[in-house]
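> Below is the file upload12.cif, which contains mmCIF, C-alpha atoms and all ligand atoms.
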data_my_file
#
loop_
_atom_site.label_atom_id
_atom_site.label_comp_id
_atom_site.auth_asym_id
_atom_site.auth_seq_id
_atom_site.Cartn_x
_atom_site.Cartn_y
_atom_site.Cartn_z
CA MET S 1 -15.49 17.11 -31.50
CA ARG S 2 -18.08 14.41 -32.00
CA ALA S 3 -19.64 11.67 -29.98
CA GLY S 4 -17.59 8.56 -30.54
CA ASP S 5 -14.25 10.42 -30.90
CA ARG S 6 -11.44 8.54 -29.14
CA LEU S 7 -8.70 10.25 -27.14
CA PRO S 8 -5.18 8.85 -27.63
CA PRO S 9 -4.15 6.69 -24.66
CA LEU S 10 -1.83 8.15 -22.03
CA GLU S 11 0.53 5.85 -20.14
CA ILE S 12 1.31 6.87 -16.57
CA PRO S 13 4.14 4.91 -14.93
CA VAL S 14 3.07 4.60 -11.29
CA THR S 15 6.33 5.29 -9.52
CA ARG S 16 6.76 5.59 -5.78
CA THR S 17 7.83 9.18 -6.47
CA LEU S 18 4.56 9.93 -8.29
CA VAL S 19 2.48 8.41 -5.47
CA VAL S 20 4.29 10.45 -2.80
CA ALA S 21 4.63 13.66 -4.83
CA GLY S 22 0.94 13.56 -5.76
CA ALA S 23 -0.11 12.97 -2.15
CA ILE S 24 2.01 15.84 -0.85
CA ALA S 25 1.07 18.24 -3.68
CA SER S 26 -2.57 17.59 -2.76
CA ARG S 27 -1.76 18.02 0.96
CA ASP S 28 -2.83 14.46 1.73
CA TYR S 29 -0.66 13.05 4.50
CA GLN S 30 -2.57 9.78 5.04
CA ASP S 31 0.18 7.26 5.87
CA VAL S 32 -1.03 4.73 3.26
CA HIS S 33 0.20 7.12 0.55
CA HIS S 34 3.80 7.32 1.79
CA ASP S 35 4.57 4.62 4.39
CA PRO S 36 4.68 1.03 3.02
CA GLU S 37 4.79 -0.65 6.46
CA LEU S 38 1.71 1.20 7.73
CA ALA S 39 -0.02 0.54 4.40
CA ARG S 40 0.59 -3.18 4.93
CA GLN S 41 -0.81 -3.04 8.44
CA LYS S 42 -3.99 -1.66 6.89
CA GLY S 43 -4.31 -4.57 4.50
CA ALA S 44 -2.66 -3.10 1.38
CA PRO S 45 0.48 -4.70 -0.09
CA ASP S 46 2.20 -1.32 -0.53
CA VAL S 47 1.53 2.41 -0.64
CA PHE S 48 -1.05 3.45 -3.22
CA MET S 49 -2.00 6.58 -5.15
CA ASN S 50 -4.46 8.92 -3.45
CA ILE S 51 -7.72 9.88 -5.12
CA LEU S 52 -6.71 13.53 -5.53
CA THR S 53 -3.75 12.52 -7.69
CA THR S 54 -5.94 10.25 -9.79
CA ASN S 55 -8.39 13.14 -10.16
CA GLY S 56 -5.57 15.46 -11.24
CA LEU S 57 -4.30 12.94 -13.80
CA VAL S 58 -7.79 12.46 -15.25
CA GLY S 59 -8.18 16.24 -15.57
CA ARG S 60 -4.75 16.50 -17.20
CA TYR S 61 -5.59 13.69 -19.65
CA VAL S 62 -8.64 15.58 -20.92
CA THR S 63 -7.05 19.05 -21.09
CA ASP S 64 -3.90 17.61 -22.74
CA HIS S 65 -6.18 16.47 -25.55
CA PHE S 66 -8.48 19.47 -25.90
CA GLY S 67 -5.80 22.11 -25.33
CA PRO S 68 -5.26 25.06 -23.00
CA THR S 69 -8.54 26.78 -23.87
CA ALA S 70 -10.56 23.78 -22.67
CA VAL S 71 -12.46 24.48 -19.47
CA LEU S 72 -13.21 21.63 -17.08
CA ARG S 73 -16.80 21.80 -15.80
CA LYS S 74 -17.15 18.52 -13.91
CA VAL S 75 -14.93 15.60 -13.04
CA ALA S 76 -16.59 12.55 -11.46
CA ILE S 77 -14.46 9.50 -10.76
CA ARG S 78 -14.77 6.17 -8.99
CA LEU S 79 -11.74 4.20 -7.85
CA GLY S 80 -11.33 0.45 -8.20
CA ALA S 81 -8.02 -1.44 -8.28
CA PRO S 82 -5.36 0.57 -6.44
CA ASN S 83 -2.38 2.15 -8.18
CA HIS S 84 0.71 0.65 -6.51
CA PRO S 85 4.32 1.57 -7.34
CA GLY S 86 5.73 -0.47 -10.21
CA ASP S 87 2.44 -0.62 -12.06
CA THR S 88 1.48 1.37 -15.15
CA MET S 89 -1.87 3.06 -15.58
CA VAL S 90 -3.12 3.55 -19.11
CA LEU S 91 -5.75 6.24 -19.47
CA THR S 92 -8.17 5.87 -22.37
CA GLY S 93 -11.18 7.96 -23.18
CA GLY S 94 -13.94 8.67 -25.62
CA VAL S 95 -16.43 11.45 -26.24
CA GLU S 96 -19.77 10.16 -25.02
CA ARG S 97 -21.96 13.08 -26.07
CA VAL S 98 -21.65 16.67 -27.24
CA ASP S 99 -23.91 19.59 -26.52
CA GLY S 100 -22.80 22.75 -28.34
CA ASP S 101 -19.19 23.38 -27.31
CA THR S 102 -19.42 21.08 -24.27
CA ALA S 103 -18.57 17.39 -24.30
CA VAL S 104 -18.90 14.57 -21.82
CA VAL S 105 -15.84 12.36 -21.99
CA ARG S 106 -15.80 8.89 -20.46
CA VAL S 107 -12.37 8.02 -19.04
CA VAL S 108 -10.96 4.70 -17.84
CA GLY S 109 -7.55 4.24 -16.23
CA ALA S 110 -6.51 0.58 -16.23
CA ASN S 111 -3.52 -0.90 -14.41
CA GLY S 112 -2.16 -4.42 -14.05
CA LEU S 113 -4.85 -5.28 -11.50
CA GLY S 114 -7.86 -3.96 -13.41
CA ASP S 115 -9.63 -0.63 -13.71
CA HIS S 116 -8.11 1.83 -11.29
CA VAL S 117 -10.45 4.64 -12.22
CA THR S 118 -13.63 5.04 -14.21
CA GLY S 119 -15.37 8.35 -14.63
CA THR S 120 -16.70 11.16 -16.73
CA VAL S 121 -15.32 14.61 -17.44
CA THR S 122 -17.49 17.46 -18.69
CA VAL S 123 -15.38 19.89 -20.68
CA THR S 124 -16.15 23.04 -22.65
CA VAL S 125 -13.98 23.80 -25.65
CA PRO S 126 -14.80 27.36 -26.76
CA GLY S 127 -15.33 27.68 -30.50
CA ASP S 128 -15.43 23.91 -31.07
CA THR S 129 -19.05 23.34 -32.05
CA ARG S 130 -18.53 20.96 -34.96
CA MET G 1 -23.27 -9.96 21.26
CA SER G 2 -22.30 -11.20 17.81
CA ASP G 3 -20.28 -9.07 15.41
CA GLU G 4 -23.33 -8.97 13.13
CA GLN G 5 -25.49 -7.41 15.83
CA ARG G 6 -22.79 -5.04 16.96
CA TYR G 7 -22.33 -3.76 13.41
CA ASP G 8 -26.06 -3.40 12.81
CA GLU G 9 -26.50 -1.36 15.95
CA LEU G 10 -23.55 0.77 14.89
CA GLY G 11 -25.10 1.25 11.43
CA ALA G 12 -28.26 2.63 12.99
CA ARG G 13 -26.26 5.09 15.09
CA LEU G 14 -24.21 6.17 12.08
CA LYS G 15 -27.34 6.83 9.99
CA LYS G 16 -28.30 9.59 12.41
CA PHE G 17 -25.33 11.63 11.21
CA GLU G 18 -26.85 12.11 7.75
CA GLY G 19 -27.59 15.77 7.11
CA ARG G 20 -25.36 17.03 9.92
CA PRO G 21 -22.66 19.54 9.03
CA ALA G 22 -19.09 18.23 9.00
CA ALA G 23 -17.44 21.63 8.55
CA LEU G 24 -18.92 25.10 8.94
CA SER G 25 -17.20 28.17 7.51
CA GLY G 26 -13.97 26.31 7.01
CA VAL G 27 -11.20 28.44 5.57
CA GLY G 28 -8.44 27.24 3.25
CA LYS G 29 -5.05 27.23 4.98
CA ASP G 30 -3.52 29.18 2.12
CA PRO G 31 -5.07 31.38 -0.52
CA VAL G 32 -4.86 29.95 -4.01
CA ASN G 33 -1.21 30.45 -4.90
CA ALA G 34 1.33 29.91 -7.65
CA PRO G 35 3.80 27.71 -5.71
CA MET G 36 1.17 25.13 -4.77
CA ILE G 37 -0.11 25.19 -8.35
CA ARG G 38 3.40 24.61 -9.64
CA HIS G 39 4.04 21.73 -7.21
CA TRP G 40 0.76 20.15 -8.30
CA CYS G 41 1.58 20.50 -12.00
CA GLU G 42 5.05 19.02 -11.44
CA ALA G 43 3.60 16.01 -9.63
CA MET G 44 0.89 15.45 -12.25
CA GLY G 45 3.20 16.10 -15.21
CA ASP G 46 0.69 18.74 -16.31
CA THR G 47 2.27 21.29 -18.69
CA ASN G 48 -0.96 23.11 -19.55
CA PRO G 49 0.07 26.78 -20.13
CA ALA G 50 -3.24 27.92 -18.57
CA TYR G 51 -1.68 27.14 -15.17
CA THR G 52 1.35 29.43 -15.50
CA GLY G 53 2.03 33.08 -16.21
CA PRO G 54 0.32 36.30 -15.15
CA ASP G 55 -3.19 35.09 -16.03
CA ALA G 56 -2.73 31.66 -14.50
CA ILE G 57 -5.68 29.74 -13.16
CA ALA G 58 -5.37 26.82 -10.76
CA PRO G 59 -5.94 23.36 -12.22
CA PRO G 60 -9.66 22.88 -11.50
CA THR G 61 -9.01 19.38 -10.11
CA MET G 62 -7.03 21.05 -7.27
CA LEU G 63 -10.39 22.10 -5.79
CA GLN G 64 -10.16 19.79 -2.80
CA ALA G 65 -6.49 20.54 -2.20
CA TRP G 66 -7.38 24.11 -1.15
CA THR G 67 -9.54 22.70 1.67
CA MET G 68 -7.10 20.09 2.99
CA GLY G 69 -6.08 20.29 6.64
CA GLY G 70 -2.57 18.95 6.02
CA LEU G 71 -0.43 17.92 8.97
CA SER G 72 -1.86 20.60 11.25
CA GLY G 73 -5.44 19.36 10.91
CA HIS G 74 -8.73 20.69 9.66
CA GLN G 75 -10.27 24.02 10.49
CA GLY G 76 -13.97 24.58 10.89
CA ARG G 77 -14.72 20.94 11.52
CA THR G 78 -17.82 20.40 13.61
CA GLY G 79 -17.86 17.77 16.32
CA ALA G 80 -20.21 15.67 14.20
CA TYR G 81 -17.68 14.42 11.65
CA ASP G 82 -15.07 13.62 14.32
CA GLU G 83 -17.75 11.88 16.37
CA LEU G 84 -18.78 9.82 13.33
CA LEU G 85 -15.17 8.82 12.58
CA GLY G 86 -14.60 8.15 16.28
CA LEU G 87 -17.51 5.70 16.42
CA LEU G 88 -16.12 3.92 13.38
CA GLU G 89 -12.60 3.81 14.83
CA ALA G 90 -13.88 2.45 18.13
CA SER G 91 -15.69 -0.34 16.27
CA GLY G 92 -12.43 -1.40 14.61
CA CYS G 93 -12.93 0.50 11.34
CA THR G 94 -9.52 2.08 11.70
CA ALA G 95 -8.55 2.24 8.03
CA VAL G 96 -9.84 4.62 5.39
CA VAL G 97 -9.82 4.69 1.62
CA ALA G 98 -11.43 7.20 -0.74
CA THR G 99 -13.69 5.64 -3.38
CA ASP G 100 -15.51 8.43 -5.23
CA CYS G 101 -14.92 12.07 -6.02
CA GLU G 102 -17.32 14.27 -7.97
CA GLN G 103 -16.37 17.86 -8.55
CA GLU G 104 -18.18 20.67 -10.29
CA TYR G 105 -16.33 23.84 -11.14
CA LEU G 106 -18.41 27.03 -11.35
CA ARG G 107 -15.53 29.38 -12.10
CA PRO G 108 -11.73 29.07 -12.26
CA LEU G 109 -9.72 29.76 -9.12
CA ARG G 110 -6.87 32.24 -9.42
CA PRO G 111 -3.90 33.08 -7.19
CA GLY G 112 -5.11 35.27 -4.35
CA ASP G 113 -8.56 33.69 -4.09
CA GLU G 114 -9.36 32.89 -0.46
CA VAL G 115 -11.47 29.76 -0.32
CA ALA G 116 -14.14 29.20 2.34
CA PHE G 117 -16.20 26.04 2.56
CA ASP G 118 -19.04 24.20 4.26
CA THR G 119 -19.28 20.43 4.35
CA VAL G 120 -22.33 18.32 5.10
CA ILE G 121 -22.50 14.57 5.82
CA GLU G 122 -24.77 13.51 2.96
CA ALA G 123 -25.01 9.77 3.46
CA VAL G 124 -23.73 6.88 5.56
CA SER G 125 -24.16 3.44 4.00
CA GLY G 126 -25.12 0.26 5.76
CA ARG G 127 -22.37 -2.18 6.63
CA LYS G 128 -20.54 -3.37 3.51
CA THR G 129 -18.01 -6.13 3.06
CA THR G 130 -15.31 -5.34 0.52
CA LYS G 131 -12.04 -6.92 -0.51
CA LEU G 132 -10.25 -4.57 1.90
CA GLY G 133 -12.46 -5.40 4.85
CA THR G 134 -15.85 -4.63 6.34
CA GLY G 135 -16.98 -1.08 6.92
CA TYR G 136 -19.18 1.85 5.98
CA PHE G 137 -19.19 4.35 3.12
CA VAL G 138 -19.45 7.98 4.23
CA THR G 139 -20.37 10.62 1.63
CA THR G 140 -19.80 14.31 2.21
CA ARG G 141 -20.55 17.32 0.05
CA THR G 142 -18.43 20.44 0.28
CA ASP G 143 -19.52 23.78 -1.16
CA LEU G 144 -16.67 26.18 -1.82
CA ARG G 145 -16.95 29.96 -2.00
CA VAL G 146 -14.67 32.91 -2.62
CA GLY G 147 -15.89 36.18 -1.11
CA GLY G 148 -19.38 34.72 -0.78
CA GLU G 149 -19.53 33.63 -4.44
CA PRO G 150 -19.93 29.88 -5.06
CA VAL G 151 -16.92 28.54 -7.00
CA GLY G 152 -17.39 24.79 -6.88
CA THR G 153 -18.77 21.74 -5.17
CA HIS G 154 -16.99 18.61 -4.19
CA ARG G 155 -18.69 15.32 -3.28
CA PHE G 156 -16.43 12.79 -1.67
CA ARG G 157 -16.99 9.20 -0.58
CA ILE G 158 -14.73 7.27 1.73
CA LEU G 159 -14.82 3.71 2.98
CA LYS G 160 -13.96 3.51 6.65
CA TYR G 161 -13.24 -0.16 7.32
CA ALA G 162 -11.81 -2.83 9.58
CA PRO G 163 -8.85 -4.28 7.66
CA ALA G 164 -9.41 -7.90 6.64
CA PRO G 165 -7.06 -10.30 8.45
CA ARG G 166 -3.87 -10.89 6.57
CA ALA G 167 -3.33 -14.06 4.63
CA PRO G 168 -1.91 -16.90 6.75
CA ARG G 169 1.80 -17.27 6.69
CA PRO G 170 3.04 -19.37 3.76
CA PRO G 171 4.81 -22.63 4.65
CA ARG G 172 8.57 -22.95 4.39
CA PRO G 173 9.91 -24.56 1.26
CA ARG G 174 10.61 -28.30 1.67
CA PRO G 175 14.18 -29.63 1.69
CA VAL G 176 15.23 -31.55 -1.39
CA VAL G 177 16.03 -35.07 -0.17
CA ASN G 178 17.99 -37.36 -2.51
CA ARG G 179 20.06 -40.52 -2.38
CA ASP G 180 23.19 -38.61 -1.32
CA ASN G 181 21.70 -36.70 1.62
CA ALA G 182 18.89 -39.01 2.76
CA GLY G 183 20.96 -40.08 5.79
CA PHE G 184 21.27 -36.48 6.93
CA TRP G 185 17.49 -35.95 6.86
CA GLN G 186 16.92 -39.32 8.54
CA GLY G 187 19.13 -38.01 11.35
CA VAL G 188 17.16 -34.77 11.54
CA ALA G 189 13.94 -36.77 11.84
CA GLU G 190 15.53 -38.42 14.91
CA HIS G 191 16.75 -35.05 16.23
CA ARG G 192 20.36 -35.96 15.54
CA LEU G 193 22.65 -33.76 13.48
CA LEU G 194 24.88 -36.19 11.56
CA ILE G 195 28.19 -35.18 10.04
CA GLN G 196 29.57 -37.37 7.25
CA ARG G 197 32.99 -38.89 7.94
CA CYS G 198 35.26 -40.41 5.32
CA THR G 199 36.31 -43.90 6.39
CA GLY G 200 39.28 -43.69 4.02
CA CYS G 201 41.03 -40.64 5.57
CA GLY G 202 38.79 -39.66 8.48
CA LEU G 203 37.89 -36.22 7.12
CA LEU G 204 34.56 -34.76 8.27
CA ARG G 205 32.37 -33.15 5.63
CA HIS G 206 29.16 -31.17 5.28
CA PRO G 207 26.99 -30.90 3.24
CA TRP G 208 26.72 -34.58 2.44
CA LEU G 209 28.45 -35.80 -0.73
CA PRO G 210 28.87 -39.20 -2.42
CA GLY G 211 32.64 -39.16 -2.07
CA CYS G 212 35.56 -37.59 -0.22
CA ASN G 213 37.06 -34.45 -1.69
CA ALA G 214 40.40 -35.20 -0.03
CA CYS G 215 41.08 -38.87 -0.81
CA GLY G 216 38.30 -39.76 -3.26
CA SER G 217 36.96 -42.61 -1.15
CA PRO G 218 33.24 -43.37 -1.56
CA ASP G 219 33.07 -44.97 1.87
CA TRP G 220 31.78 -43.11 4.89
CA ASP G 221 30.13 -43.32 8.24
CA THR G 222 28.65 -40.59 10.47
CA LEU G 223 29.46 -38.68 13.60
CA GLU G 224 26.71 -37.07 15.62
CA ALA G 225 27.42 -33.39 16.19
CA SER G 226 27.63 -32.22 19.80
CA GLY G 227 25.47 -29.22 18.83
CA GLU G 228 27.94 -26.59 19.99
CA GLY G 229 29.05 -23.98 17.50
CA THR G 230 29.73 -20.34 16.69
CA VAL G 231 28.61 -17.96 13.98
CA HIS G 232 31.43 -18.03 11.43
CA SER G 233 29.66 -15.52 9.18
CA TYR G 234 26.15 -14.33 8.44
CA VAL G 235 24.01 -12.24 6.12
CA VAL G 236 20.79 -10.36 6.89
CA GLN G 237 18.04 -10.70 4.29
CA HIS G 238 16.14 -7.41 4.10
CA HIS G 239 14.53 -7.35 0.68
CA PRO G 240 12.52 -8.88 -0.77
CA SER G 241 10.80 -10.16 2.34
CA PHE G 242 9.92 -13.84 2.49
CA PRO G 243 7.16 -14.23 5.05
CA ALA G 244 7.93 -17.95 5.45
CA PHE G 245 11.37 -17.06 6.80
CA SER G 246 10.89 -13.63 8.18
CA ALA G 247 10.47 -14.00 11.91
CA ALA G 248 12.62 -15.73 14.46
CA ASP G 249 9.46 -16.87 16.20
CA PRO G 250 7.19 -18.79 13.85
CA ALA G 251 4.16 -17.79 15.91
CA ASP G 252 4.94 -14.14 15.29
CA GLY G 253 4.26 -14.19 11.55
CA ALA G 254 5.71 -10.76 10.90
CA ALA G 255 7.44 -10.07 7.62
CA GLY G 256 10.83 -8.46 8.01
CA PRO G 257 14.57 -8.96 7.91
CA TYR G 258 16.12 -12.17 9.18
CA ALA G 259 19.64 -13.49 9.72
CA VAL G 260 21.13 -16.46 7.87
CA GLY G 261 24.16 -17.85 9.65
CA LEU G 262 27.13 -19.86 8.47
CA ILE G 263 27.66 -21.90 11.64
CA GLU G 264 31.00 -23.47 12.47
CA LEU G 265 30.29 -26.62 14.46
CA ALA G 266 32.64 -27.60 17.30
CA GLU G 267 33.70 -30.57 15.13
CA GLY G 268 35.04 -28.14 12.50
CA VAL G 269 32.56 -28.34 9.63
CA ARG G 270 30.29 -25.45 8.69
CA MET G 271 26.64 -25.37 7.79
CA VAL G 272 24.11 -22.74 6.75
CA SER G 273 21.08 -22.34 8.99
CA ASP G 274 18.89 -19.88 10.83
CA VAL G 275 20.17 -18.09 13.90
CA VAL G 276 17.25 -17.89 16.32
CA GLY G 277 16.59 -16.47 19.76
CA VAL G 278 18.34 -13.20 18.97
CA PRO G 279 17.21 -10.17 16.93
CA TYR G 280 18.59 -10.25 13.38
CA ASP G 281 20.61 -7.10 14.00
CA GLU G 282 22.36 -8.55 17.06
CA VAL G 283 23.85 -11.54 15.27
CA ARG G 284 27.66 -11.20 15.24
CA ILE G 285 30.63 -13.20 14.01
CA GLY G 286 31.82 -15.39 16.86
CA LEU G 287 28.39 -15.52 18.54
CA PRO G 288 28.17 -18.84 20.42
CA VAL G 289 25.16 -20.92 19.35
CA ARG G 290 23.66 -24.29 20.19
CA LEU G 291 21.74 -26.69 17.99
CA VAL G 292 17.99 -26.95 18.46
CA PHE G 293 15.44 -28.77 16.37
CA ARG G 294 12.58 -26.51 15.54
CA ARG G 295 9.26 -27.78 14.26
CA TYR G 296 7.85 -25.40 11.62
CA ASP G 297 4.77 -27.35 10.63
CA GLU G 298 3.29 -30.87 10.61
CA GLU G 299 5.93 -32.18 8.21
CA LEU G 300 8.90 -29.92 8.71
CA THR G 301 11.44 -29.94 11.50
CA LEU G 302 14.80 -28.28 10.91
CA PRO G 303 18.11 -28.00 12.75
CA VAL G 304 18.61 -24.32 13.61
CA PHE G 305 20.98 -22.54 15.96
CA GLN G 306 19.96 -20.76 19.10
CA ALA G 307 22.11 -17.95 20.46
CA VAL G 308 23.71 -18.97 23.75
CA GLU G 309 23.67 -16.56 26.69
CA ARG G 310 27.15 -15.98 28.04
ZN ZN R 401 38.79 -39.17 2.63
#
Will you turn the file into structure tokens for me?


Amino acid sequence: MRAGDRLPPLEIPVTRTLVVAGAIASRDYQDVHHDPELARQKGAPDVFMNILTTNGLVGRYVTDHFGPTAVLRKVAIRLGAPNHPGDTMVLTGGVERVDGDTAVVRVVGANGLGDHVTGTVTVTVPGDTR
Amino acid sequence: MSDEQRYDELGARLKKFEGRPAALSGVGKDPVNAPMIRHWCEAMGDTNPAYTGPDAIAPPTMLQAWTMGGLSGHQGRTGAYDELLGLLEASGCTAVVATDCEQEYLRPLRPGDEVAFDTVIEAVSGRKTTKLGTGYFVTTRTDLRVGGEPVGTHRFRILKYAPAPRAPRPPRPRPVVNRDNAGFWQGVAEHRLLIQRCTGCGLLRHPWLPGCNACGSPDWDTLEASGEGTVHSYVVQHHPSFPAFSAADPADGAAGPYAVGLIELAEGVRMVSDVVGVPYDEVRIGLPVRLVFRRYDEELTLPVFQAVER
């Protein structure tokens, strides 16, 4: 791996099922992640993906690319435009810098409203010191 | 006291929470376990083989999930965090959204690991106005351990905010007025519901047309409806919601289902209009109704039908 390497994009269809399944799998029962009416009362047009699901998808995006031996060291994300059902999030990423077998990957997940997530993932890929 | 001042005073009180513990010796509700790992991987679509089999590790990004209180609430929470959230709630910052998450993984978690954690309130921002509403960012840092050994840290930022007021209700669409129906709308403007009557054969008709369907005559005059009628049929519009139509009471503004009636007037013709003064799910065929003219905005008054008490 080298600085400047691009990861292939990953399209995530943001279904209502994904929003709810991700919230429950992460044990997040905030109503805005499963109840559209209560989400509207709180100013959102619909339910939206919780940050733990976004975090999980960003981690998956990086390990999908670097393979099962890759070890995640750090994941730091910031949320922007919410992921609502019916939208599609496209994850893109690039290797920002490499130190030995450890890389810092910058990841952006964009949906129809803008950037849903921006962040960096620090990942060690044993044996990959090119 | 102005809102500005109230919020500033609140901000000063909130600042004092910085550095106070939010959770002390919290314990994960479940040890790290294969079923929760599998549910997570299914939801995320994550097929990484590192997360299955006898040597499985947990997806590192599950870190926070092992500390979540779930429906039964958090363990090990100090009063401080609840007090902080309580102050925010009381000031109208009733909604919450997570904005940042920074996790560092010191070693993989494996099934059987029992996670303990401490959380500190790192920072409380000043008052911020965002697209969602006005509120405060609260940052916490959680240190996780297994058997005393540090396994990861988790920094989390939420925005606790007062939801911005919802957009004003959109106006109703305007009726299309043309040469053939102008007389009808002129009548409405005078609060008279006019039925067209063929002067050739006497047949009443609605909606207004240039000629008679029965005898073909182009000549007509009008008859003012008495205003009495019954619901001949109806539909309830559930989805999508049209806020301009959605509430029986225009002052209410709520989006939601509403009933559209096909009203049979006492004179025998039928017309489509709103049924008002009765919940949408209590509209029935045969319901007696009476004409009222309802003003929806500066330029729009419409004939609608009010349910009649019997
Ligand atoms: Zn006729």

> So that I can check the surroundings of stretch 103-117 of chain S, please list as a JSON list (two decimals) with C-alpha atoms, keeping the file's coordinate frame every protein, DNA and RNA residue that reaches within 6 Å of it, counting all atoms listed in the file and ignoring chain neighbours fewer than 6 positions away.


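result.json was written with the following content:
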[["chain", "number", "residue", "atom", "x", "y", "z"],
["S", 78, "ARG", "CA", -14.77, 6.17, -8.99],
["S", 79, "LEU", "CA", -11.74, 4.20, -7.85],
["S", 80, "GLY", "CA", -11.33, 0.45, -8.20],
["S", 81, "ALA", "CA", -8.02, -1.44, -8.28],
["S", 82, "PRO", "CA", -5.36, 0.57, -6.44],
["S", 88, "THR", "CA", 1.48, 1.37, -15.15],
["S", 89, "MET", "CA", -1.87, 3.06, -15.58],
["S", 90, "VAL", "CA", -3.12, 3.55, -19.11],
["S", 91, "LEU", "CA", -5.75, 6.24, -19.47],
["S", 92, "THR", "CA", -8.17, 5.87, -22.37],
["S", 93, "GLY", "CA", -11.18, 7.96, -23.18],
["S", 94, "GLY", "CA", -13.94, 8.67, -25.62],
["S", 95, "VAL", "CA", -16.43, 11.45, -26.24],
["S", 96, "GLU", "CA", -19.77, 10.16, -25.02],
["S", 97, "ARG", "CA", -21.96, 13.08, -26.07],
["S", 123, "VAL", "CA", -15.38, 19.89, -20.68]]

> Any chance you could tabulate, as CSV, the residues of chain S at most 8 Å from chain G with each one's nearest atom pair and distance in Å to one decimal, using all atoms listed in the file, in chain and rising number order?


residue,atom,partner,partner_atom,distance
S:Leu18,CA,G:Ala43,CA,6.3
S:Ala21,CA,G:Ala43,CA,5.4
S:Gly22,CA,G:Ala43,CA,5.3
S:Ala25,CA,G:Trp40,CA,5.0
S:Ser26,CA,G:Ala65,CA,4.9
S:Arg27,CA,G:Gly70,CA,5.2
S:Asp28,CA,G:Gly70,CA,6.2
S:Tyr29,CA,G:Gly70,CA,6.4
S:Lys42,CA,G:Pro163,CA,5.6
S:Gly43,CA,G:Pro163,CA,5.5
S:Ala44,CA,G:Leu132,CA,7.7
S:Asn50,CA,G:Ala98,CA,7.7
S:Ile51,CA,G:Ala98,CA,6.3
S:Leu52,CA,G:Gln64,CA,7.7
S:Thr53,CA,G:Met44,CA,7.1
S:Asn55,CA,G:Thr61,CA,6.3
S:Gly56,CA,G:Thr61,CA,5.3
S:Leu57,CA,G:Met44,CA,6.0
S:Gly59,CA,G:Thr61,CA,6.4
S:Arg60,CA,G:Asp46,CA,6.0
S:Thr63,CA,G:Asn48,CA,7.5
S:Asp64,CA,G:Asn48,CA,7.0
S:Gly67,CA,G:Asn48,CA,7.6
S:Pro68,CA,G:Ala50,CA,5.6
S:Thr69,CA,G:Ala50,CA,7.6
S:Leu72,CA,G:Pro60,CA,6.7
S:Arg73,CA,G:Tyr105,CA,5.1
S:Lys74,CA,G:Glu104,CA,4.3
S:Val75,CA,G:Gln103,CA,5.2
S:Ala76,CA,G:Glu102,CA,4.0
S:Ile77,CA,G:Cys101,CA,5.4
S:Arg78,CA,G:Asp100,CA,4.4
S:Leu79,CA,G:Thr99,CA,5.1
S:Gly80,CA,G:Thr99,CA,7.5

> Give me a file of those residues, with C-alpha atoms, as a compact mmCIF listing (two decimals), keeping the file's coordinate frame.


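Result file is part.txt:
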# COMPACT_ATOMS: atom_id res chain seq x y z
CA LEU S 18 4.56 9.93 -8.29
CA ALA S 21 4.63 13.66 -4.83
CA GLY S 22 0.94 13.56 -5.76
CA ALA S 25 1.07 18.24 -3.68
CA SER S 26 -2.57 17.59 -2.76
CA ARG S 27 -1.76 18.02 0.96
CA ASP S 28 -2.83 14.46 1.73
CA TYR S 29 -0.66 13.05 4.50
CA LYS S 42 -3.99 -1.66 6.89
CA GLY S 43 -4.31 -4.57 4.50
CA ALA S 44 -2.66 -3.10 1.38
CA ASN S 50 -4.46 8.92 -3.45
CA ILE S 51 -7.72 9.88 -5.12
CA LEU S 52 -6.71 13.53 -5.53
CA THR S 53 -3.75 12.52 -7.69
CA ASN S 55 -8.39 13.14 -10.16
CA GLY S 56 -5.57 15.46 -11.24
CA LEU S 57 -4.30 12.94 -13.80
CA GLY S 59 -8.18 16.24 -15.57
CA ARG S 60 -4.75 16.50 -17.20
CA THR S 63 -7.05 19.05 -21.09
CA ASP S 64 -3.90 17.61 -22.74
CA GLY S 67 -5.80 22.11 -25.33
CA PRO S 68 -5.26 25.06 -23.00
CA THR S 69 -8.54 26.78 -23.87
CA LEU S 72 -13.21 21.63 -17.08
CA ARG S 73 -16.80 21.80 -15.80
CA LYS S 74 -17.15 18.52 -13.91
CA VAL S 75 -14.93 15.60 -13.04
CA ALA S 76 -16.59 12.55 -11.46
CA ILE S 77 -14.46 9.50 -10.76
CA ARG S 78 -14.77 6.17 -8.99
CA LEU S 79 -11.74 4.20 -7.85
CA GLY S 80 -11.33 0.45 -8.20

> Find the residues around stretch 186-202 of chain G up to 6 Å (only C-alpha atoms counted), leave out those fewer than 5 positions away in its own chain, and share them as a list in words.

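Within the cut-off, the hits are Ser217, Asp219, Trp220, Asp221, Thr222, Leu223, Glu224 and Ala225 of chain G.
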
> Between G:Thr129, G:Cys212, G:Asp8, G:Leu204, single out the one closest to ligand ZN 401 (chain R), counting all atoms listed in the file.

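The shortest atom-to-atom distance to ligand ZN 401 (chain R) comes from G:Cys212.
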
> Could you list, as a ChimeraX atom specification, every residue within 7 Å of stretch 284-288 of chain G, counting only C-alpha atoms and ignoring same-chain residues fewer than 4 positions away?

/G:229-233,307-308

> Give me the residues near stretch 124-127 of chain S as a compact mmCIF listing (two decimals) with C-alpha atoms, in the frame of the given file, where near means some atom within 6 Å (using only C-alpha atoms) and where sequence neighbours in that chain fewer than 6 positions away do not count.


# COMPACT_ATOMS: atom_id res chain seq x y z
CA ALA S 70 -10.56 23.78 -22.67
CA VAL S 71 -12.46 24.48 -19.47
CA ASP S 101 -19.19 23.38 -27.31
CA THR S 102 -19.42 21.08 -24.27
